[in-house]
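Below is the file start_29.txt, which contains compact mmCIF, C-alpha atoms and all ligand atoms.
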# COMPACT_ATOMS: atom_id res chain seq x y z
CA MET A 1 -5.14 -2.67 -0.05
CA LEU A 2 -8.50 -3.22 -1.77
CA SER A 3 -7.98 -0.60 -4.45
CA ASP A 4 -8.69 -1.98 -7.97
CA LYS A 5 -9.32 -5.46 -6.55
CA ASN A 6 -12.12 -7.50 -8.12
CA ILE A 7 -14.35 -8.71 -5.31
CA ILE A 8 -17.35 -11.02 -5.59
CA LEU A 9 -19.68 -10.53 -2.65
CA GLY A 10 -21.85 -13.61 -2.19
CA ILE A 11 -25.02 -12.98 -0.20
CA CYS A 12 -27.15 -15.76 1.29
CA GLY A 13 -30.66 -15.82 2.75
CA SER A 14 -30.24 -14.36 6.22
CA ILE A 15 -31.58 -11.32 8.01
CA ALA A 16 -27.94 -10.15 8.20
CA ALA A 17 -28.20 -9.51 4.43
CA TYR A 18 -29.27 -5.95 5.37
CA LYS A 19 -25.64 -5.36 6.41
CA SER A 20 -24.49 -6.19 2.87
CA ALA A 21 -25.49 -2.72 1.69
CA LEU A 22 -22.99 -1.12 4.05
CA LEU A 23 -20.35 -3.74 3.22
CA ILE A 24 -20.67 -2.88 -0.49
CA ARG A 25 -20.38 0.86 0.29
CA LEU A 26 -17.17 0.26 2.24
CA LEU A 27 -15.68 -1.97 -0.48
CA VAL A 28 -16.51 0.57 -3.21
CA LYS A 29 -15.10 3.38 -1.06
CA ALA A 30 -11.88 1.38 -0.68
CA GLY A 31 -11.60 1.31 -4.50
CA ALA A 32 -12.73 -2.29 -5.11
CA ASN A 33 -14.81 -3.46 -8.11
CA VAL A 34 -17.71 -5.28 -6.49
CA GLN A 35 -19.82 -7.92 -8.22
CA VAL A 36 -22.75 -9.10 -6.10
CA VAL A 37 -23.98 -12.68 -6.47
CA MET A 38 -27.07 -13.55 -4.41
CA THR A 39 -28.69 -16.87 -3.65
CA PRO A 40 -32.39 -16.85 -4.65
CA ASP A 41 -33.43 -16.78 -0.95
CA ALA A 42 -31.25 -13.73 -0.27
CA THR A 43 -33.44 -11.61 -2.57
CA SER A 44 -36.29 -11.92 -0.04
CA PHE A 45 -34.17 -10.14 2.58
CA ILE A 46 -32.75 -7.24 0.53
CA THR A 47 -33.59 -6.16 -3.00
CA PRO A 48 -31.11 -6.61 -5.87
CA LEU A 49 -31.98 -3.04 -6.93
CA THR A 50 -30.50 -1.62 -3.70
CA LEU A 51 -27.34 -3.66 -4.12
CA SER A 52 -26.87 -3.02 -7.86
CA THR A 53 -27.24 0.71 -7.22
CA LEU A 54 -24.56 0.61 -4.52
CA SER A 55 -22.18 -1.71 -6.42
CA LYS A 56 -22.78 0.02 -9.77
CA ARG A 57 -23.18 -3.38 -11.47
CA PRO A 58 -26.17 -5.64 -12.13
CA VAL A 59 -26.65 -8.15 -9.34
CA LEU A 60 -26.46 -11.79 -10.45
CA VAL A 61 -28.83 -14.39 -9.04
CA ASP A 62 -29.60 -16.96 -11.72
CA TYR A 63 -27.53 -19.03 -14.12
CA PHE A 64 -29.84 -18.12 -16.96
CA ILE A 65 -31.00 -14.71 -18.18
CA PRO A 66 -34.36 -15.51 -19.89
CA GLU A 67 -34.63 -12.05 -21.52
CA THR A 68 -31.45 -12.52 -23.55
CA GLY A 69 -31.13 -16.30 -23.62
CA GLU A 70 -27.61 -15.88 -22.19
CA TRP A 71 -26.15 -17.35 -19.01
CA ASN A 72 -23.98 -16.01 -16.24
CA ASN A 73 -20.70 -17.80 -16.68
CA HIS A 74 -19.69 -18.95 -13.19
CA VAL A 75 -16.25 -20.07 -14.40
CA GLU A 76 -15.46 -16.61 -15.82
CA LEU A 77 -16.72 -14.98 -12.63
CA GLY A 78 -14.61 -17.33 -10.51
CA LEU A 79 -11.49 -16.44 -12.48
CA TRP A 80 -12.23 -12.69 -12.54
CA ALA A 81 -12.29 -12.41 -8.76
CA ASP A 82 -9.29 -11.47 -6.60
CA ALA A 83 -11.36 -12.43 -3.57
CA LEU A 84 -14.73 -14.04 -2.90
CA ILE A 85 -16.46 -12.87 0.27
CA ILE A 86 -19.56 -14.77 1.33
CA ALA A 87 -21.31 -12.56 3.84
CA PRO A 88 -23.74 -13.45 5.26
CA ALA A 89 -22.96 -17.15 4.83
CA SER A 90 -26.03 -19.17 5.88
CA ALA A 91 -25.87 -22.68 7.41
CA ASN A 92 -27.45 -24.02 4.22
CA THR A 93 -24.85 -22.45 1.88
CA LEU A 94 -21.98 -23.50 4.18
CA ALA A 95 -23.25 -27.09 4.00
CA LYS A 96 -23.41 -26.92 0.19
CA MET A 97 -19.93 -25.41 -0.05
CA ALA A 98 -18.47 -28.03 2.30
CA ASN A 99 -19.93 -30.82 0.20
CA GLY A 100 -19.30 -29.49 -3.29
CA GLN A 101 -22.98 -29.01 -4.09
CA SER A 102 -23.66 -26.32 -6.68
CA ASP A 103 -27.38 -25.87 -7.20
CA ASN A 104 -27.25 -22.09 -7.54
CA LEU A 105 -24.99 -19.50 -9.15
CA LEU A 106 -23.21 -18.56 -5.91
CA THR A 107 -22.20 -22.12 -5.01
CA ALA A 108 -21.09 -22.72 -8.63
CA VAL A 109 -18.95 -19.56 -8.50
CA TYR A 110 -17.49 -20.77 -5.19
CA LEU A 111 -16.46 -24.10 -6.74
CA SER A 112 -14.91 -22.30 -9.73
CA ALA A 113 -13.04 -19.63 -7.75
CA LYS A 114 -9.28 -19.82 -7.56
CA CYS A 115 -8.93 -16.74 -5.35
CA PRO A 116 -9.00 -16.58 -1.53
CA VAL A 117 -12.50 -17.24 -0.18
CA TYR A 118 -13.69 -15.53 3.01
CA PHE A 119 -16.93 -16.52 4.70
CA ALA A 120 -18.76 -14.66 7.45
CA PRO A 121 -21.45 -16.93 8.93
CA ALA A 122 -24.73 -15.56 10.24
CA MET A 123 -27.29 -17.78 11.93
CA ASP A 124 -29.08 -18.56 15.12
CA LEU A 125 -26.85 -19.69 18.01
CA ASP A 126 -28.11 -23.28 18.05
CA MET A 127 -27.66 -23.64 14.30
CA TRP A 128 -24.11 -22.27 14.69
CA LYS A 129 -23.31 -24.62 17.60
CA HIS A 130 -24.74 -27.68 15.84
CA PRO A 131 -22.03 -30.32 15.24
CA ALA A 132 -23.04 -30.53 11.56
CA THR A 133 -22.42 -26.79 11.07
CA GLN A 134 -19.16 -26.91 13.04
CA GLU A 135 -17.97 -29.86 10.97
CA ASN A 136 -18.81 -27.99 7.76
CA VAL A 137 -16.91 -24.91 8.96
CA GLN A 138 -13.86 -27.01 9.82
CA LYS A 139 -14.06 -28.77 6.47
CA LEU A 140 -14.21 -25.41 4.66
CA GLN A 141 -11.21 -24.13 6.63
CA SER A 142 -9.27 -27.31 5.82
CA TYR A 143 -9.82 -26.45 2.11
CA GLY A 144 -8.12 -23.08 2.71
CA ASN A 145 -11.26 -20.95 3.03
CA ILE A 146 -10.96 -18.20 5.61
CA LEU A 147 -13.51 -17.89 8.42
CA ILE A 148 -14.56 -14.45 9.61
CA SER A 149 -15.97 -15.54 12.97
CA PRO A 150 -19.46 -14.51 14.02
CA GLY A 151 -19.80 -12.35 17.08
CA LYS A 152 -21.94 -12.68 20.20
CA GLY A 153 -25.02 -10.55 20.64
CA GLU A 154 -28.74 -10.27 20.20
CA LEU A 155 -29.96 -12.48 17.36
CA ALA A 156 -32.95 -12.02 15.07
CA SER A 157 -34.67 -14.93 16.89
CA GLY A 158 -34.61 -12.86 20.07
CA LEU A 159 -32.05 -15.22 21.60
CA TYR A 160 -28.67 -14.02 22.76
CA GLY A 161 -25.42 -15.73 21.80
CA GLU A 162 -22.90 -16.47 19.09
CA GLY A 163 -24.08 -16.30 15.48
CA ARG A 164 -24.23 -12.59 14.58
CA MET A 165 -22.44 -11.82 11.34
CA ALA A 166 -19.28 -9.76 11.87
CA GLU A 167 -19.94 -6.04 11.32
CA PRO A 168 -19.05 -4.71 7.82
CA GLU A 169 -16.19 -2.58 9.24
CA GLU A 170 -14.75 -5.68 10.97
CA ILE A 171 -15.00 -7.68 7.73
CA ILE A 172 -13.13 -4.97 5.81
CA SER A 173 -10.34 -4.65 8.38
CA PHE A 174 -10.04 -8.45 8.68
CA ILE A 175 -9.68 -8.89 4.91
CA THR A 176 -7.31 -5.93 4.60
CA SER A 177 -4.98 -7.34 7.23
CA GLU A 178 -5.17 -10.86 5.68
CA ILE A 179 -4.18 -9.41 2.28
CA LYS A 180 -1.42 -7.35 3.89
CA LYS A 181 0.02 -10.42 5.67
CA LYS A 182 0.67 -12.08 2.30
CA LEU A 183 2.50 -9.11 0.76
CA PRO A 184 6.31 -9.31 0.30
CA LEU A 185 7.09 -6.53 2.81
CA ALA A 186 4.33 -7.24 5.30
CA ASP A 187 4.88 -5.32 8.54
CA GLN A 188 8.38 -4.16 7.58
CA LYS A 189 9.15 -0.63 8.73
CA ILE A 190 10.67 1.45 5.94
CA LEU A 191 11.92 5.04 6.12
CA VAL A 192 11.81 7.16 2.95
CA THR A 193 12.83 10.79 2.52
CA ALA A 194 11.61 12.96 -0.34
CA GLY A 195 11.64 16.45 -1.76
CA PRO A 196 13.97 19.39 -1.22
CA THR A 197 14.96 21.16 1.97
CA TYR A 198 14.61 24.92 2.41
CA GLU A 199 17.38 26.71 4.32
CA ALA A 200 16.20 30.02 5.74
CA ILE A 201 18.18 33.19 5.01
CA ASP A 202 15.69 35.46 6.76
CA PRO A 203 11.95 35.17 7.52
CA VAL A 204 11.17 35.64 3.79
CA ARG A 205 13.95 34.00 1.74
CA PHE A 206 15.48 30.59 1.64
CA ILE A 207 18.00 28.49 -0.29
CA GLY A 208 16.23 25.55 -1.96
CA ASN A 209 16.47 23.31 -5.01
CA HIS A 210 14.30 22.02 -7.86
CA SER A 211 13.40 18.63 -6.31
CA SER A 212 9.65 17.98 -6.75
CA GLY A 213 9.44 15.00 -4.37
CA LYS A 214 7.78 12.87 -7.10
CA MET A 215 10.38 10.07 -6.99
CA GLY A 216 10.37 9.77 -3.18
CA PHE A 217 6.56 9.81 -2.99
CA ALA A 218 6.36 7.13 -5.70
CA ILE A 219 8.79 4.99 -3.69
CA ALA A 220 6.82 5.47 -0.47
CA GLU A 221 3.58 4.56 -2.27
CA GLN A 222 5.14 1.45 -3.81
CA PHE A 223 6.51 0.24 -0.46
CA ALA A 224 3.07 0.73 1.10
CA GLN A 225 1.50 -1.34 -1.68
CA MET A 226 4.03 -4.08 -0.92
CA GLY A 227 2.72 -4.21 2.66
CA ALA A 228 5.34 -2.07 4.43
CA ASP A 229 4.64 0.48 7.15
CA VAL A 230 6.26 3.56 5.69
CA THR A 231 7.50 6.69 7.41
CA LEU A 232 7.84 9.37 4.76
CA ILE A 233 9.88 12.40 5.79
CA ALA A 234 9.08 15.08 3.25
CA GLY A 235 10.64 18.44 2.62
CA PRO A 236 8.43 21.26 1.24
CA THR A 237 6.53 19.73 -1.70
CA ALA A 238 3.15 19.85 -3.39
CA GLN A 239 2.96 16.04 -3.55
CA ILE A 240 0.11 14.30 -1.75
CA THR A 241 -0.32 10.82 -0.39
CA ASN A 242 -3.43 9.13 0.98
CA HIS A 243 -2.18 5.61 1.65
CA GLN A 244 -3.09 4.58 5.17
CA SER A 245 0.23 2.74 5.63
CA ILE A 246 2.23 5.94 5.02
CA ASN A 247 3.01 8.11 8.03
CA ARG A 248 4.01 11.46 6.51
CA ILE A 249 6.20 13.82 8.50
CA ASP A 250 6.71 17.27 7.00
CA VAL A 251 9.99 19.07 7.62
CA THR A 252 11.56 22.19 6.16
CA SER A 253 15.31 22.31 6.74
CA ALA A 254 18.17 19.80 6.53
CA GLU A 255 18.51 19.98 10.31
CA GLU A 256 14.82 19.10 10.80
CA MET A 257 15.16 16.25 8.33
CA LEU A 258 18.23 14.97 10.20
CA GLN A 259 16.41 14.98 13.53
CA ALA A 260 13.39 13.17 12.06
CA CYS A 261 15.62 10.57 10.36
CA LEU A 262 17.55 9.93 13.58
CA GLN A 263 14.27 9.39 15.39
CA TYR A 264 12.93 6.78 12.93
CA PHE A 265 16.08 5.10 11.57
CA LYS A 266 16.72 2.81 14.57
CA SER A 267 13.36 1.05 14.24
CA SER A 268 13.49 0.86 10.42
CA LYS A 269 14.48 -2.20 8.43
CA ALA A 270 15.47 -0.06 5.45
CA CYS A 271 15.99 3.60 4.68
CA ILE A 272 15.84 5.14 1.22
CA MET A 273 17.26 8.68 1.21
CA CYS A 274 15.68 10.16 -1.87
CA ALA A 275 15.53 13.76 -0.61
CA ALA A 276 17.65 16.46 -2.19
CA VAL A 277 19.11 17.69 1.09
CA ALA A 278 20.90 21.05 1.08
CA ASP A 279 24.65 20.67 1.53
CA TYR A 280 25.00 24.21 2.87
CA THR A 281 22.84 26.41 5.06
CA PRO A 282 23.21 30.08 6.06
CA ALA A 283 25.55 30.36 9.05
CA ASN A 284 23.30 33.05 10.55
CA VAL A 285 19.59 33.44 9.93
CA SER A 286 18.53 37.06 10.11
CA ALA A 287 15.60 37.55 12.48
CA GLN A 288 14.31 40.36 10.24
CA LYS A 289 13.94 40.68 6.50
CA ILE A 290 17.32 41.74 5.08
CA LYS A 291 16.97 45.18 3.51
CA LYS A 292 18.23 45.95 0.03
CA GLN A 293 21.57 47.76 0.10
CA ASP A 294 23.66 49.61 -2.49
CA ASN A 295 26.47 47.05 -2.18
CA ASP A 296 26.54 43.37 -3.00
CA LEU A 297 25.49 40.98 -0.28
CA ASN A 298 27.49 37.96 0.87
CA ILE A 299 25.82 35.18 2.77
CA GLU A 300 28.11 32.95 4.77
CA LEU A 301 27.19 29.28 4.45
CA LYS A 302 28.09 26.43 6.73
CA LYS A 303 27.97 22.73 5.91
CA THR A 304 24.91 20.73 6.87
CA THR A 305 25.25 17.25 8.32
CA ASP A 306 25.31 14.56 5.64
CA ILE A 307 22.27 12.64 6.94
CA LEU A 308 22.91 9.56 4.85
CA ARG A 309 26.50 9.34 5.95
CA SER A 310 25.61 9.61 9.62
CA LEU A 311 22.93 6.90 9.19
CA GLY A 312 25.58 4.78 7.42
CA GLU A 313 27.82 5.13 10.48
CA GLN A 314 25.13 3.81 12.81
CA LYS A 315 23.69 1.17 10.47
CA ARG A 316 23.15 -2.20 12.22
CA ASN A 317 23.60 -5.66 10.70
CA GLY A 318 20.55 -6.45 8.58
CA GLN A 319 19.53 -2.81 8.07
CA ILE A 320 19.46 -1.65 4.46
CA LEU A 321 20.54 1.81 3.43
CA VAL A 322 19.98 3.25 -0.03
CA GLY A 323 21.13 6.60 -1.38
CA PHE A 324 20.63 8.61 -4.54
CA ALA A 325 23.27 10.28 -6.64
CA LEU A 326 22.17 12.96 -9.08
CA GLU A 327 25.23 13.68 -11.19
CA THR A 328 26.18 15.89 -14.10
CA ASN A 329 29.66 14.45 -14.83
CA ASP A 330 31.83 11.39 -14.01
CA GLU A 331 28.55 9.82 -12.98
CA GLU A 332 29.53 6.24 -12.15
CA GLN A 333 32.77 7.18 -10.46
CA ASN A 334 31.08 9.77 -8.24
CA ALA A 335 28.21 7.42 -7.39
CA THR A 336 30.59 4.59 -6.47
CA GLU A 337 32.57 6.87 -4.17
CA LYS A 338 29.36 7.94 -2.40
CA LEU A 339 28.26 4.30 -2.08
CA LYS A 340 31.47 3.45 -0.21
CA LYS A 341 31.81 6.65 1.81
CA LYS A 342 28.21 6.45 3.07
CA ASN A 343 28.22 2.68 3.75
CA LEU A 344 25.26 1.98 1.42
CA ASP A 345 23.79 -1.30 0.24
CA PHE A 346 23.12 0.29 -3.10
CA ILE A 347 23.01 3.68 -4.75
CA VAL A 348 20.55 4.87 -7.37
CA LEU A 349 22.34 6.95 -9.97
CA ASN A 350 20.55 9.37 -12.25
CA SER A 351 22.27 11.79 -14.55
CA LEU A 352 21.00 15.21 -15.55
CA ASN A 353 22.57 14.45 -18.96
CA ASP A 354 19.85 11.85 -19.62
CA LYS A 355 16.78 13.38 -21.23
CA GLY A 356 13.69 12.76 -19.09
CA ALA A 357 15.70 12.06 -15.92
CA GLY A 358 16.05 14.11 -12.73
CA PHE A 359 13.90 16.92 -11.33
CA LYS A 360 10.22 17.61 -11.93
CA THR A 361 9.81 15.14 -14.82
CA ASP A 362 7.35 12.23 -14.54
CA THR A 363 10.05 9.89 -15.83
CA ASN A 364 13.49 8.84 -14.69
CA LYS A 365 16.39 6.76 -15.96
CA ILE A 366 18.46 5.05 -13.31
CA THR A 367 21.43 2.79 -12.79
CA ILE A 368 21.63 0.79 -9.56
CA ILE A 369 25.13 0.12 -8.24
CA ASP A 370 25.27 -2.30 -5.33
CA HIS A 371 27.95 -2.80 -2.65
CA ASN A 372 29.65 -5.48 -4.80
CA LEU A 373 29.84 -2.79 -7.52
CA GLN A 374 27.40 -4.76 -9.71
CA LYS A 375 25.64 -2.36 -12.07
CA THR A 376 22.09 -2.62 -13.42
CA THR A 377 20.95 0.00 -15.91
CA PHE A 378 17.25 0.53 -16.53
CA GLU A 379 15.38 2.13 -19.42
CA LEU A 380 13.77 5.56 -19.20
CA LYS A 381 10.48 4.85 -17.37
CA ASP A 382 7.61 6.46 -15.55
CA LYS A 383 8.69 7.31 -11.97
CA ASN A 384 6.11 4.83 -10.60
CA GLU A 385 7.78 2.02 -12.55
CA VAL A 386 11.23 3.21 -11.46
CA ALA A 387 9.94 3.07 -7.88
CA GLN A 388 8.92 -0.56 -8.47
CA ASP A 389 12.46 -1.45 -9.62
CA ILE A 390 14.01 0.22 -6.56
CA CYS A 391 11.51 -1.30 -4.09
CA ASN A 392 11.86 -4.78 -5.63
CA LYS A 393 15.61 -4.56 -5.09
CA VAL A 394 15.08 -3.59 -1.44
CA ALA A 395 12.54 -6.44 -0.99
CA GLU A 396 15.05 -8.87 -2.50
CA LEU A 397 17.69 -7.80 0.06
CA ILE A 398 15.24 -7.95 2.97
CA ASN A 399 13.86 -11.38 2.05
CA LYS A 400 17.11 -13.07 1.00
O1 LIG B 1 26.81 13.54 -1.64
P1 LIG B 1 25.50 13.78 -2.29
O2 LIG B 1 24.76 14.95 -1.70
O3 LIG B 1 25.50 13.82 -3.79
O4 LIG B 1 24.68 12.45 -1.93
C1 LIG B 1 23.36 12.28 -2.29
C2 LIG B 1 22.70 11.35 -1.29
O5 LIG B 1 23.00 11.76 0.05
C3 LIG B 1 21.21 11.37 -1.41
O6 LIG B 1 20.71 10.09 -1.09
C4 LIG B 1 20.81 12.43 -0.37
O7 LIG B 1 19.50 12.18 0.11
C5 LIG B 1 21.86 12.22 0.71
N1 LIG B 1 22.23 13.43 1.45
C6 LIG B 1 22.02 13.51 2.80
N2 LIG B 1 22.38 14.62 3.52
C7 LIG B 1 22.96 15.65 2.92
C8 LIG B 1 23.21 15.60 1.54
C9 LIG B 1 22.82 14.49 0.83
O8 LIG B 1 21.46 12.55 3.36
N3 LIG B 1 23.29 16.71 3.64
Please express what this file holds, its structure, as structure tokens.
Ligand code: C5P
Amino acid sequence: MLSDKNIILGICGSIAAYKSALLIRLLVKAGANVQVVMTPDATSFITPLTLSTLSKRPVLVDYFIPETGEWNNHVELGLWADALIIAPASANTLAKMANGQSDNLLTAVYLSAKCPVYFAPAMDLDMWKHPATQENVQKLQSYGNILISPGKGELASGLYGEGRMAEPEEIISFITSEIKKKLPLADQKILVTAGPTYEAIDPVRFIGNHSSGKMGFAIAEQFAQMGADVTLIAGPTAQITNHQSINRIDVTSAEEMLQACLQYFKSSKACIMCAAVADYTPANVSAQKIKKQDNDLNIELKKTTDILRSLGEQKRNGQILVGFALETNDEEQNATEKLKKKNLDFIVLNSLNDKGAGFKTDTNKITIIDHNLQKTTFELKDKNEVAQDICNKVAELINK
């Protein structure tokens, strides 16, 4: 959620500034670019050197840089940021922010920022309870700034009560869930299948196919970035995923994939069947390795269940079902028949006749055919961009 986000961390003069070091570590670990801006008083509590080392950027305190005669452009900083987090936010800085006062770089950046602003107050309990502070907090919230409430506990003064800055881990999870809430597929449950299936012949051999799983993993990743909770049912594949909103379930055979899909489909808003599921599986699996013989060997195959078709039969109103059609001939006609037979909302057609499309490549070229038989053909693109096109179409159907 925070990966590649530009975050300004504003630090005020408070003993809680020691927690900023850990907060920066967590933000950097989550993939964010962190620019620290400190009020002059904050530098008495923790050194800029510690924070610039952790954030891998010079810490900014003053408007003017006497050594170079340059200035730190607060307007540019305000526009650069995807989020401004003021933690710890002191009573003094809150008062300045609430009243539009900008006598230091941090308050000037605050006034210039167009991004969401989060503030995590830290102060003594009586300062926090004071009507002036409470009025300032309410005023800031009425401007759209987001309060990360202080917790109760032992305070630096030795008193016990409300006023402790939220812990860095709490700040990160609060901001992550706030960002997630605003995403187009927030909290939607989406089921994605990916990769091939392997159908065992004996303990050593199997029938498989060339699917790499790249397309399905790119789709799962894209849905997760759009805020969805993704269940990814993956056949045997070397692909990896680290997104915390993706619940990966590894399966081997078509039957295992069917059982996993049946388990998760009911609670899913949408299902994208991207896996290259085997259509046939050995009728009998030999318990021992089949020995080489002088004669030819015939393996009897039986049909697997068409997973997509059986999901199509139990699809409820409002559920969205998407299939893939990888064709070599009569592409559109075959895809349209599958769309109807499997009760799909749309089908993603790719042809092995298109250079750069299909298995193992990093690119794909698709045509989307929807249930009204409307066709949209896309250019040859990177599979991540193709995933965006497919996921945007699903989001459009969910949010219409
Ligand atoms: O009919 P065909 O196998 O070409 O259809 C492809 C679509 O059906 C894909 O979305 C694939 O994931 C799905 N499928 C399935 N179960 C099968 C075979 C294919 O869900 N046994």
**Study point:** Residue among A:Met97, A:Leu297, A:Ala120, A:Ala108 lying closest to Ala17 (chain A), counting only C-alpha atoms
**Key:** A:Ala120
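Comparing A:Ser310, A:Ser3, A:Ser55, A:Asn372 by their smallest distance to Leu23 (chain A), the closest is A:Ser55 (using all atoms listed in the file).
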Review point. Pick the closest to ligand LIG 1 (chain B) from A:Leu125, A:Val192, A:Val394, A:Val137: which is it, counting all atoms listed in the file?
Key: A:Val192
**Study point:** All residues 10 Å or closer to Met257 (chain A), only C-alpha atoms, same chain fewer than 4 positions away omitted, as a ChimeraX atom specification
**Key:** /A:193-194,197,233-235,249-253,261-263,275,277,307
Using the selection just defined, write its residues with C-alpha atoms as an mmCIF file, in the coordinates of the input.
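Listed below is the output, out-v8.cif:
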data_model
loop_
_atom_site.group_PDB
_atom_site.id
_atom_site.type_symbol
_atom_site.label_atom_id
_atom_site.label_comp_id
_atom_site.auth_asym_id
_atom_site.auth_seq_id
_atom_site.Cartn_x
_atom_site.Cartn_y
_atom_site.Cartn_z
ATOM 1 C CA THR A 193 12.830 10.790 2.520
ATOM 2 C CA ALA A 194 11.610 12.960 -0.340
ATOM 3 C CA THR A 197 14.960 21.160 1.970
ATOM 4 C CA ILE A 233 9.880 12.400 5.790
ATOM 5 C CA ALA A 234 9.080 15.080 3.250
ATOM 6 C CA GLY A 235 10.640 18.440 2.620
ATOM 7 C CA ILE A 249 6.200 13.820 8.500
ATOM 8 C CA ASP A 250 6.710 17.270 7.000
ATOM 9 C CA VAL A 251 9.990 19.070 7.620
ATOM 10 C CA THR A 252 11.560 22.190 6.160
ATOM 11 C CA SER A 253 15.310 22.310 6.740
ATOM 12 C CA CYS A 261 15.620 10.570 10.360
ATOM 13 C CA LEU A 262 17.550 9.930 13.580
ATOM 14 C CA GLN A 263 14.270 9.390 15.390
ATOM 15 C CA ALA A 275 15.530 13.760 -0.610
ATOM 16 C CA VAL A 277 19.110 17.690 1.090
ATOM 17 C CA ILE A 307 22.270 12.640 6.940
#
Practice item. Please write out the residues within 7 Å of ligand LIG 1 (chain B) as an MDAnalysis selection string, counting only C-alpha atoms and all ligand atoms. Key: chainID A and resid 254 273:279 304:309 322:326 338
